[in-house]
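File shown here: final_15.cif, holding mmCIF, C-alpha atoms.
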```
data_structure
#
loop_
_atom_site.label_atom_id
_atom_site.label_comp_id
_atom_site.auth_asym_id
_atom_site.auth_seq_id
_atom_site.Cartn_x
_atom_site.Cartn_y
_atom_site.Cartn_z
CA MET A 156 -32.43 -17.50 -51.44
CA ASN A 157 -30.98 -14.75 -53.57
CA ARG A 158 -27.47 -15.86 -54.68
CA LEU A 159 -25.92 -12.46 -53.87
CA LEU A 160 -27.41 -12.53 -50.38
CA SER A 161 -26.17 -16.09 -49.92
CA LEU A 162 -22.65 -15.09 -50.89
CA SER A 163 -22.77 -12.17 -48.48
CA PHE A 164 -23.68 -14.47 -45.60
CA ALA A 165 -20.87 -16.81 -46.59
CA ALA A 166 -18.36 -13.96 -46.70
CA ILE A 167 -19.44 -12.76 -43.23
CA ALA A 168 -19.14 -16.28 -41.83
CA ALA A 169 -15.69 -16.72 -43.35
CA ALA A 170 -14.54 -13.40 -41.92
CA THR A 171 -15.84 -14.34 -38.48
CA VAL A 172 -13.98 -17.66 -38.55
CA ALA A 173 -10.80 -15.94 -39.70
CA ALA A 174 -11.03 -13.31 -36.99
CA GLY A 175 -11.68 -15.86 -34.22
CA PRO A 176 -12.92 -14.95 -30.75
CA ALA A 177 -12.12 -11.55 -29.29
CA ALA A 178 -8.80 -11.44 -27.48
CA ALA A 179 -9.07 -11.41 -23.68
CA PHE A 180 -8.23 -8.21 -21.82
CA THR A 181 -4.74 -8.47 -20.32
CA ALA A 182 -3.62 -6.73 -17.13
CA CYS A 183 0.13 -6.99 -16.63
CA GLN A 184 1.82 -6.12 -13.34
CA VAL A 185 5.45 -5.19 -12.73
CA THR A 186 6.43 -5.38 -9.05
CA ASP A 187 8.94 -3.37 -7.11
CA ILE A 188 11.80 -5.18 -5.35
CA GLY A 189 10.42 -7.64 -2.82
CA GLY A 190 8.24 -9.68 -5.15
CA ALA A 191 4.58 -10.56 -5.29
CA ASP A 192 4.72 -12.45 -1.99
CA ASP A 193 6.19 -9.61 0.09
CA LYS A 194 3.19 -9.56 2.45
CA GLY A 195 2.90 -5.88 1.59
CA PHE A 196 2.21 -3.51 -1.28
CA ASN A 197 3.47 -5.76 -4.11
CA GLN A 198 1.34 -8.66 -2.86
CA LEU A 199 -1.73 -6.46 -2.43
CA GLY A 200 -1.34 -5.15 -5.98
CA TRP A 201 -1.09 -8.66 -7.37
CA GLU A 202 -4.10 -9.76 -5.32
CA GLY A 203 -6.05 -6.98 -7.02
CA VAL A 204 -5.03 -8.25 -10.46
CA GLN A 205 -5.92 -11.81 -9.46
CA ARG A 206 -9.30 -10.65 -8.19
CA ALA A 207 -9.90 -9.01 -11.56
CA GLU A 208 -8.98 -12.29 -13.24
CA LYS A 209 -11.71 -14.10 -11.29
CA GLU A 210 -14.35 -11.37 -11.26
CA LEU A 211 -13.85 -9.74 -14.67
CA GLY A 212 -12.51 -12.63 -16.72
CA ILE A 213 -9.26 -10.92 -17.67
CA VAL A 214 -5.84 -12.50 -18.25
CA ALA A 215 -3.35 -11.66 -15.47
CA LYS A 216 0.41 -11.50 -16.09
CA LEU A 217 3.27 -10.78 -13.69
CA LEU A 218 6.93 -9.80 -13.85
CA GLU A 219 8.87 -9.40 -10.60
CA SER A 220 11.73 -6.93 -10.21
CA ASN A 221 14.78 -8.16 -8.33
CA ALA A 222 16.66 -4.87 -8.68
CA GLU A 223 15.92 -1.32 -9.83
CA THR A 224 17.63 -2.16 -13.12
CA ASP A 225 14.75 -4.58 -13.83
CA TYR A 226 12.08 -1.87 -13.90
CA GLU A 227 12.57 -0.64 -17.44
CA PRO A 228 13.11 -4.01 -19.17
CA ASN A 229 10.13 -5.55 -17.33
CA ILE A 230 7.86 -2.69 -18.40
CA ASN A 231 9.16 -2.82 -21.98
CA SER A 232 8.54 -6.57 -22.09
CA PHE A 233 4.84 -5.94 -21.39
CA VAL A 234 4.82 -3.07 -23.88
CA ALA A 235 6.03 -5.55 -26.51
CA GLU A 236 3.22 -7.92 -25.53
CA LYS A 237 0.74 -5.04 -26.03
CA CYS A 238 -0.94 -5.53 -22.67
CA ASP A 239 -4.25 -3.66 -22.34
CA LEU A 240 -3.16 -2.20 -18.99
CA ILE A 241 0.33 -2.23 -17.51
CA ILE A 242 0.32 -1.82 -13.72
CA THR A 243 3.53 -0.81 -11.97
CA VAL A 244 3.72 -1.07 -8.20
CA GLY A 245 5.72 1.42 -6.20
CA PHE A 246 6.96 4.99 -6.10
CA LEU A 247 10.41 3.94 -7.29
CA LEU A 248 8.97 2.84 -10.66
CA GLY A 249 7.75 6.40 -11.34
CA ASP A 250 10.47 7.43 -13.80
CA ALA A 251 10.52 4.15 -15.73
CA THR A 252 6.71 4.15 -16.02
CA LYS A 253 6.62 7.72 -17.31
CA LYS A 254 9.36 7.03 -19.84
CA ALA A 255 7.52 3.99 -21.22
CA ALA A 256 4.16 5.78 -21.26
CA GLU A 257 5.47 8.79 -23.15
CA ALA A 258 7.18 6.51 -25.68
CA ASN A 259 3.99 4.46 -26.12
CA PRO A 260 1.00 6.86 -25.93
CA ASP A 261 -1.43 4.20 -27.19
CA ILE A 262 -0.74 1.89 -24.23
CA LYS A 263 -2.47 2.47 -20.90
CA PHE A 264 -0.60 2.41 -17.60
CA SER A 265 -1.52 2.59 -13.92
CA ILE A 266 1.00 3.07 -11.13
CA VAL A 267 0.58 2.43 -7.42
CA ASP A 268 1.92 5.10 -5.03
CA TYR A 269 2.63 7.77 -7.65
CA ALA A 270 0.78 10.77 -9.08
CA TYR A 271 2.22 12.88 -11.91
CA ASP A 272 2.03 16.65 -12.06
CA PRO A 273 1.30 17.52 -14.78
CA VAL A 274 -0.82 14.49 -15.57
CA VAL A 275 0.45 12.02 -18.16
CA PRO A 276 -2.69 11.25 -20.24
CA ASN A 277 -2.12 7.50 -20.50
CA ILE A 278 -1.15 6.94 -16.83
CA LEU A 279 -3.63 6.56 -13.98
CA GLY A 280 -1.99 7.10 -10.59
CA GLU A 281 -3.16 5.24 -7.50
CA VAL A 282 -2.32 7.05 -4.26
CA TYR A 283 -3.48 6.74 -0.68
CA ALA A 284 -4.08 9.06 2.26
CA THR A 285 -2.01 6.82 4.53
CA ASP A 286 -1.47 9.70 6.91
CA GLU A 287 -5.16 9.33 7.83
CA GLY A 288 -4.67 5.72 8.91
CA GLY A 289 -1.30 6.55 10.46
CA PHE A 290 -2.97 9.28 12.53
CA LEU A 291 -5.41 6.76 14.02
CA ALA A 292 -2.53 4.36 14.69
CA GLY A 293 -0.53 7.09 16.42
CA TYR A 294 -3.44 8.03 18.67
CA LEU A 295 -3.97 4.35 19.46
CA ALA A 296 -0.29 3.77 20.23
CA ALA A 297 -0.15 6.78 22.53
CA GLY A 298 -3.22 5.54 24.38
CA VAL A 299 -1.92 1.99 24.82
CA SER A 300 1.76 2.71 25.54
CA LYS A 301 2.88 2.11 29.14
CA SER A 302 6.32 3.65 28.73
CA GLY A 303 5.12 6.90 27.19
CA ILE A 304 7.48 6.36 24.24
CA VAL A 305 6.52 4.95 20.82
CA GLY A 306 8.58 4.59 17.66
CA THR A 307 8.53 4.24 13.90
CA PHE A 308 11.03 3.66 11.12
CA GLY A 309 10.88 3.39 7.34
CA GLY A 310 12.39 1.45 4.50
CA VAL A 311 13.32 4.39 2.26
CA ASN A 312 12.76 8.12 2.77
CA ILE A 313 10.11 8.54 0.07
CA PRO A 314 6.55 9.96 0.33
CA PRO A 315 4.64 6.64 0.30
CA VAL A 316 6.66 5.67 3.39
CA THR A 317 6.84 8.99 5.21
CA HIS A 318 3.10 9.71 4.81
CA PHE A 319 2.43 6.81 7.20
CA MET A 320 5.05 8.21 9.59
CA ASP A 321 3.69 11.76 9.38
CA GLY A 322 0.23 10.58 10.35
CA PHE A 323 1.60 8.44 13.17
CA PHE A 324 3.57 11.38 14.60
CA TYR A 325 0.64 13.80 14.42
CA GLY A 326 -1.75 11.22 15.85
CA VAL A 327 0.44 11.02 18.93
CA GLN A 328 0.53 14.82 19.16
CA HIS A 329 -3.26 14.92 18.94
CA TYR A 330 -3.46 12.46 21.83
CA ASN A 331 -1.07 14.63 23.85
CA LYS A 332 -3.19 17.69 23.17
CA VAL A 333 -6.51 16.03 24.03
CA LYS A 334 -5.20 14.21 27.11
CA ASP A 335 -2.64 16.80 28.26
CA ALA A 336 -0.08 14.00 27.96
CA SER A 337 3.55 13.89 26.83
CA VAL A 338 3.95 10.67 24.83
CA GLU A 339 7.17 10.86 22.80
CA VAL A 340 7.73 9.66 19.22
CA LYS A 341 11.14 8.23 18.29
CA GLY A 342 12.32 7.62 14.72
CA TRP A 343 10.70 10.44 12.73
CA ASP A 344 10.34 14.20 12.73
CA PRO A 345 7.97 15.60 10.08
CA ALA A 346 9.39 19.10 10.51
CA THR A 347 12.93 18.15 9.49
CA LYS A 348 11.99 15.07 7.43
CA GLN A 349 14.72 13.22 9.31
CA GLY A 350 14.34 9.81 10.87
CA LEU A 351 15.29 6.15 10.88
CA PHE A 352 15.43 4.31 7.53
CA THR A 353 16.82 0.88 6.69
CA ASN A 354 17.29 1.90 3.02
CA ASN A 355 15.82 -1.39 1.88
CA PHE A 356 12.57 -3.33 1.90
CA GLU A 357 14.02 -6.81 2.28
CA SER A 358 16.24 -7.28 5.35
CA LEU A 359 14.51 -8.91 8.31
CA ASP A 360 17.76 -8.47 10.24
CA ASP A 361 17.41 -4.71 9.80
CA GLY A 362 13.82 -4.92 10.99
CA ARG A 363 14.99 -6.60 14.18
CA ALA A 364 17.90 -4.18 14.68
CA PHE A 365 15.93 -0.98 14.14
CA ALA A 366 13.10 -2.12 16.40
CA LYS A 367 15.67 -3.12 19.04
CA ASN A 368 17.22 0.36 18.88
CA LEU A 369 13.82 1.95 19.44
CA TYR A 370 13.02 -0.52 22.22
CA ASP A 371 16.34 0.28 23.90
CA GLU A 372 15.32 3.97 23.80
CA GLY A 373 12.15 3.11 25.69
CA ALA A 374 9.60 2.48 22.94
CA ASP A 375 7.08 -0.24 23.74
CA ILE A 376 5.14 0.13 20.47
CA VAL A 377 6.84 0.34 17.06
CA MET A 378 5.40 0.88 13.58
CA PRO A 379 7.79 -0.32 10.83
CA VAL A 380 6.94 1.11 7.38
CA ALA A 381 9.26 -1.10 5.38
CA GLY A 382 7.41 -4.04 3.85
CA PRO A 383 8.91 -7.44 4.77
CA VAL A 384 11.54 -5.69 6.93
CA GLY A 385 8.80 -5.31 9.54
CA LEU A 386 8.65 -9.09 9.93
CA GLY A 387 12.01 -8.86 11.68
CA SER A 388 10.52 -6.37 14.14
CA ALA A 389 7.66 -8.76 14.83
CA ALA A 390 10.14 -11.57 15.48
CA LEU A 391 11.87 -9.38 18.08
CA ALA A 392 8.53 -8.55 19.74
CA ASP A 393 7.77 -12.28 19.89
CA GLU A 394 11.07 -12.91 21.67
CA LEU A 395 10.75 -10.00 24.10
CA GLY A 396 7.10 -10.70 24.82
CA VAL A 397 4.10 -8.65 23.81
CA ASP A 398 3.98 -6.89 27.17
CA ALA A 399 7.42 -5.45 26.36
CA LEU A 400 6.95 -4.62 22.68
CA LYS A 401 3.94 -4.44 20.36
CA ILE A 402 4.03 -3.90 16.60
CA ILE A 403 1.74 -1.90 14.30
CA GLY A 404 1.74 -3.26 10.76
CA VAL A 405 1.14 -1.40 7.51
CA ASP A 406 -0.38 -2.08 4.08
CA ALA A 407 -2.10 -5.41 4.83
CA ASP A 408 -3.48 -6.80 8.09
CA GLN A 409 -0.24 -8.30 9.38
CA TYR A 410 -2.16 -10.42 11.90
CA LEU A 411 -3.36 -12.40 8.87
CA THR A 412 -0.23 -12.25 6.71
CA ASP A 413 2.25 -13.10 9.50
CA PRO A 414 0.35 -15.88 11.30
CA GLU A 415 3.35 -17.20 13.27
CA LYS A 416 3.82 -13.84 15.01
CA LYS A 417 0.21 -12.61 14.78
CA HIS A 418 -0.12 -12.10 18.54
CA VAL A 419 2.38 -9.19 18.56
CA TYR A 420 0.33 -6.95 16.24
CA LEU A 421 -1.72 -4.27 17.97
CA THR A 422 -3.29 -3.34 14.62
CA SER A 423 -2.27 -2.52 11.04
CA VAL A 424 -2.79 0.58 8.91
CA LEU A 425 -4.55 -0.83 5.87
CA LYS A 426 -3.73 0.49 2.42
CA ARG A 427 -6.22 -1.30 0.18
CA ILE A 428 -4.12 -1.40 -2.96
CA ASP A 429 -6.08 -4.38 -4.26
CA THR A 430 -9.23 -2.23 -4.31
CA THR A 431 -7.76 0.58 -6.40
CA VAL A 432 -5.98 -1.85 -8.73
CA ILE A 433 -9.16 -3.74 -9.58
CA GLU A 434 -10.99 -0.43 -10.04
CA ALA A 435 -8.32 0.72 -12.50
CA ILE A 436 -8.68 -2.53 -14.42
CA ARG A 437 -12.47 -2.34 -14.39
CA GLU A 438 -12.49 1.22 -15.76
CA THR A 439 -9.98 0.37 -18.47
CA GLN A 440 -11.81 -2.79 -19.52
CA ALA A 441 -15.05 -0.79 -19.74
CA GLY A 442 -13.42 1.81 -21.99
CA LYS A 443 -13.56 4.49 -19.29
CA PHE A 444 -9.82 4.89 -18.72
CA ALA A 445 -8.69 8.43 -18.01
CA GLY A 446 -5.32 9.70 -16.88
CA GLY A 447 -5.17 11.34 -13.49
CA VAL A 448 -5.38 9.78 -10.08
CA ILE A 449 -7.44 7.54 -7.79
CA VAL A 450 -7.08 8.46 -4.10
CA GLY A 451 -7.80 5.90 -1.38
CA THR A 452 -9.09 7.51 1.84
CA LEU A 453 -10.82 6.57 5.07
CA LYS A 454 -14.04 7.91 3.57
CA ASN A 455 -14.02 5.74 0.43
CA GLY A 456 -12.57 2.66 2.14
CA GLY A 457 -9.15 2.84 0.50
CA ILE A 458 -7.58 3.31 3.95
CA GLY A 459 -8.51 1.64 7.22
CA LEU A 460 -7.38 0.35 10.60
CA ALA A 461 -7.31 -3.41 11.13
CA PRO A 462 -9.03 -5.08 14.11
CA PHE A 463 -7.06 -5.40 17.34
CA HIS A 464 -7.46 -9.19 17.24
CA ASP A 465 -5.59 -10.89 20.12
CA LEU A 466 -4.72 -7.54 21.71
CA ASP A 467 -8.29 -6.27 21.81
CA SER A 468 -8.29 -6.37 25.62
CA ALA A 469 -5.22 -4.10 25.66
CA VAL A 470 -7.30 -1.28 24.13
CA PRO A 471 -9.65 0.35 26.67
CA ALA A 472 -13.27 0.79 25.58
CA GLU A 473 -12.97 4.55 25.96
CA LEU A 474 -9.98 4.62 23.60
CA LYS A 475 -11.85 2.56 21.01
CA THR A 476 -14.73 5.06 21.12
CA GLU A 477 -12.31 7.98 20.75
CA ILE A 478 -10.65 6.40 17.70
CA GLU A 479 -14.03 5.89 16.03
CA ALA A 480 -14.90 9.54 16.68
CA ILE A 481 -11.53 10.70 15.33
CA SER A 482 -12.03 8.63 12.18
CA LYS A 483 -15.37 10.34 11.61
CA GLY A 484 -13.75 13.71 12.27
CA ILE A 485 -11.05 13.06 9.68
CA GLN A 486 -13.69 12.03 7.15
CA ASP A 487 -15.87 15.10 7.68
CA GLY A 488 -12.88 17.44 7.77
CA SER A 489 -13.25 18.59 11.36
CA ILE A 490 -9.93 16.96 12.35
CA SER A 491 -6.73 17.62 10.39
CA VAL A 492 -4.05 14.93 10.13
CA LYS A 493 -1.43 17.49 9.07
CA GLY A 494 -0.57 18.65 12.56
#
```
Whole structure, structure tokens version:
Amino acid sequence: MNRLLSLSFAAIAAATVAAGPAAAFTACQVTDIGGADDKGFNQLGWEGVQRAEKELGIVAKLLESNAETDYEPNINSFVAEKCDLIITVGFLLGDATKKAAEANPDIKFSIVDYAYDPVVPNILGEVYATDEGGFLAGYLAAGVSKSGIVGTFGGVNIPPVTHFMDGFFYGVQHYNKVKDASVEVKGWDPATKQGLFTNNFESLDDGRAFAKNLYDEGADIVMPVAGPVGLGSAALADELGVDALKIIGVDADQYLTDPEKKHVYLTSVLKRIDTTVIEAIRETQAGKFAGGVIVGTLKNGGIGLAPFHDLDSAVPAELKTEIEAISKGIQDGSISVKG
């Protein structure tokens, strides 16, 4: 062999050994308050990252926020680690995510429940048309209610919470219009943007108390939009009996995530955060990252309504058919969820 050629091969081999194997893609998630086991949006986001770890061979990392003051240091910790994609979960992390992204334009970010206008080039927002699922839940609640009064309350008065509540309210109004009925909604008024809010996403005692207030006002179906707070509402429904009070969950299928109280859940409005998170990771890993937004809808499967499970017999066949037709109408644009 030519000596020069031999030396070239040796140099290439030495360089390859020195470089070592390619570093694994890292996806690093910062949670909102409530932690990765909140049975809600934080948990769904982390499940998406874990799915990516199994399906795409990435390295998954997690930092949990115990207070709002943790947002910025947690994000900056992952910036220092040079994660390939930093995923922040929750509307309340919007400012801290933007600050970090603008200070580090070479690092890619994705945030759940936030979309920037104007777009920040290195942030991909993940948002959801939860009013579509809430609309179906409102129509369902109006059709199942015996008292003619249903209720909802939120954790904090922010868009990712109130979009569920908007849809729920207008779904009830659609039922009233179609059926010439007068089912009343307690706990939220989209016109004034005023309603019931616990101002936290942690207190099960608040979940019990707010559901009890709505029950005392006549509501026999309640939709808490407050993460783990809703578990307190389910505990109350369990004590009162499902004939007295039924619960509609949000984010995940609460029948599955709250097995001890599963029988009180009429359904859940599904926000498939895990699906958009893994899609954001997949695009970034493939070199196709672009700032902007991913929107989960009924049409693309990012939003859905969970099965009725143990309460299936409480939903008349005619009502089930109507809900399916309404879902199709929302998807084709013939039915508006905006009232």
Selection dump of the PyMOL selection byres ((chain A and resi 193) around 10), as a list of chain:residue names | A:Asp187, A:Ile188, A:Gly189, A:Gly190, A:Ala191, A:Asp192, A:Lys194, A:Gly195, A:Phe196, A:Asn197, A:Gln198, A:Leu199, A:Phe356, A:Glu357, A:Gly382, A:Pro383, A:Val384, A:Thr412
task = Report the residues retrieved by the PyMOL selection byres ((chain A and resi 364-375) around 9) from the displayed file, expressed as a ChimeraX atom specification.
result = /A:300-308,339-342,351-353,359-363,376-379,385,387-389,391-392,397-402
- request: Would you write out, as a list in words, every residue that the PyMOL selection byres ((chain A and resi 296) around 9) captures in this file?
  value: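 That expression, the PyMOL selection byres ((chain A and resi 296) around 9), corresponds here to Leu291, Ala292, Gly293, Tyr294, Leu295, Ala297, Gly298, Val299, Ser300, Val305, Phe323, Gly326, Val327, Ile376, Val377, Ile403 and Leu421 of chain A.
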### All residues 7 Å or closer to A:Val450, only C-alpha atoms, same chain fewer than 2 positions away omitted, as a PyMOL selection string
chain A and resi 281-283+448+452
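With all atoms listed in the file as the atoms that count, the minimum distance from A:Glu477 to the choices A:Val333, A:Leu248, A:Ala255, A:Ile449 is reached by A:Val333.
Remark: for A:His318, the closest of the candidate residues A:Asp250, A:Glu227, A:Asp286, A:Glu257 is A:Asp286 (distances computed over all atoms listed in the file).
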What is the distance between atom CA of A:Leu460 and atom CA of A:Glu208, in Å to one decimal?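 For atom CA of A:Leu460 relative to atom CA of A:Glu208, the distance reads 27.0 Å.
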Q. Using only C-alpha atoms, which of A:Pro315, A:Gly288, A:Pro345, A:Pro471 sits nearest A:Lys483?
A.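 With only C-alpha atoms as the atom set, the closest residue is A:Gly288.
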Restricting to all atoms listed in the file, whichever of A:Ile436, A:Val419, A:Ala480, A:Val424 is closest to A:Glu210 is A:Ile436
As a check of understanding: the span from atom CA of A:Asp261 to atom CA of A:Lys216 is 19.3 Å
Atom CA of A:Ala222 to atom CA of A:Thr317 measures 21.9 Å
Residues within 12 Å of A:Ala346, only C-alpha atoms, excluding chain neighbours under 6 positions, as a PyMOL selection string: chain A and resi 317+320-321+324-325+493-494
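Of the residues listed (A:Val311, A:Val405, A:Ala441, A:Ile278), A:Ile278 shows the shortest atom-to-atom separation from A:Phe264; distances use all atoms listed in the file.
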Which is closer to A:Thr430 than all the others in A:Phe290, A:Phe233, A:Trp201, A:Phe444, using all atoms listed in the file?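 Checking each of A:Phe290, A:Phe233, A:Trp201, A:Phe444 against A:Thr430, counting all atoms listed in the file, the winner is A:Trp201.
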For A:Ala251, work out the shell of residues within 10 Å, counting all atoms listed in the file and skipping chain neighbours fewer than 3 positions away, then give it as a list in words.
Glu223, Thr224, Asp225, Tyr226, Glu227, Pro228, Asn229, Ile230, Asn231, Thr243, Leu247, Leu248, Lys254, Ala255 and Ala256 of chain A
